[in-house]
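Below: the structure, in structure tokens.
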Amino acid sequence: MLISLSAPSPRLRGIGLVGISVLFFSTAGLFTKGVPEDAWTIVFWRGLTAAGVTFGYLLMTSGLRRELASFGWPALFVSLLGASGSAAFIAAFKLTSIANVALIYATVPFLAAILAWVCLRERPTRRTLVASCATIAGVVIIFGGSIGGTSLTGDLLALWMTFTLAGSMVVYRRWPETSAAIPSALSSIVLLPIALIVAAPLNAAPEFMPAMAAFGLVFAVSSIALMAGARLLPSAETALLSALETPVAPLLAFLFLAEVPPTATFIGGGMILFAVLWSQWPRK
């Protein structure tokens, strides 16, 4: 008896792709904290690998010409935002807990909504405004638990990374035809000469090279999977699935690094996670 297996629907493929992206993105803290090299050395090798994989993907899928055709000044601006955000992202993990970075990052949708309101006069819904206030309160509580310690610098870097990503979202909202893959690769390439100046990535310990290269591969696959999955799902569903990274990253940090965040992170993080889920939950 033959069993006929139908191909998964576009929605299921989208859920699978976004799920892969969430799981891979959640490992960023493990790679950064698990490699005892300085932040700029990790930035260099992660960026070099990620850029190579991304351009390889574009060549294999014949997407390079299309991306170049839509590369204008908005894409260049996104590239520069992404470069500063990537540098802050890696350094943040070195200076604060993975949970703090993940929870601050979870405020991206609300910060993007505020920026869109200011820059594009795009008024957010009442639900988004309420959720934004809750997430801001959650971030304040997390920062309160870091005051007086070195983790405050890491929290501030995580906040800057979140701001740059929110800014990129507003650019894509205003100019939706802007290329996405090339800016992602270019943001990594821009940081390579800076890393060579401020650090010595070429002198990295050989035993850590595979891990840093794997970090770049994981980042590239995560970005590609997210872009592909977002095309198959409604924006609200993509945002809701992406929010799963918030609890997954701290869980992985606890399982593999035995990292337990402070009480303030639990309280503020709970507020942020609730606000994210409530804001994206389907309305009846």
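Letters A, B, ... mark the chains of the structure tokens in the order given; residue numbers begin at 1 per chain; ligand numbers begin at 1, in order shown.
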Requested in this report: Write out as a list in words the residues lying within 12 Å of Gly14 in chain A, counting only C-alpha atoms and excluding same-chain residues fewer than 4 positions away.
Outcome: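 So, after excluding close chain neighbours, the residues are Pro8, Ser9, Pro10, Val18, Gly19, Ile20, Ser21, Ala225, Leu226, Met227, Ala228, Gly229, Ala230, Arg231, Leu232, Leu233, Pro234, Ser235, Glu237, Thr238, Leu241 and Ser242 of chain A.
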Query raised in the report: Near Leu152 in chain A, counting only C-alpha atoms, which residues have an atom at most 12 Å away, once you skip same-chain residues fewer than 3 positions from it, shown as an MDAnalysis selection string?
Result: chainID A and resid 92:97 100:101 139:149 155:159
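The space between CA of Ser79 in chain A and CA of Pro183 in chain A spans 4.5 Å.
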**Report entry** All helix (DSSP H, G or I) positions in range 85-187 of chain A, as a VMD selection string
**Finding:** chain A and resid 85 to 95 98 to 105 108 to 120 126 to 146 151 to 174 181 to 187
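Across the model, the gap from CA of Ala134 in chain A to CA of Leu120 in chain A is 22.9 Å.
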Query raised in the report: Residues at most 10 Å from range 174-181 of chain A, counting only C-alpha atoms, excluding those fewer than 2 positions away in the same chain, as a PyMOL selection string?
Result: chain A and resi 51+54-55+57-58+63-64+66-76+78-79+116+119-120+168-172+183-186+220+223-224+227
Query raised in the report: Pick from A:Ile136, A:Ile15, A:Leu192, A:Leu165: nearest to Gly47 in chain A, with only C-alpha atoms counted?
Result: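 Checking each of A:Ile136, A:Ile15, A:Leu192, A:Leu165 against Gly47 in chain A, counting only C-alpha atoms, the winner is A:Leu192.
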Requested in this report: Write out as a ChimeraX atom specification each polymer residue whose atoms come within 9 Å of Ser26 in chain A, counting only C-alpha atoms; drop sequence neighbours fewer than 6 positions from it.
Outcome: /A:102,245-246,248-250,252
Report task. Skip Thr107 in chain A itself and residues of its chain fewer than 2 positions away, then list as a count of residues only all residues within 8 Å of it, counting only C-alpha atoms. Result -> 12
Query raised in the report: So what do you get for CA of Pro193 in chain A versus CA of Leu48 in chain A, distance-wise?
Result: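 For CA of Pro193 in chain A relative to CA of Leu48 in chain A, the distance reads 10.9 Å.
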Report task. Using only C-alpha atoms, find the one residue out of A:Val43, A:Ala113, A:Ile182, A:Leu277 that sits nearest to Pro247 in chain A. Result ->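 Of A:Val43, A:Ala113, A:Ile182, A:Leu277, the one nearest Pro247 in chain A, counting only C-alpha atoms, is A:Leu277.
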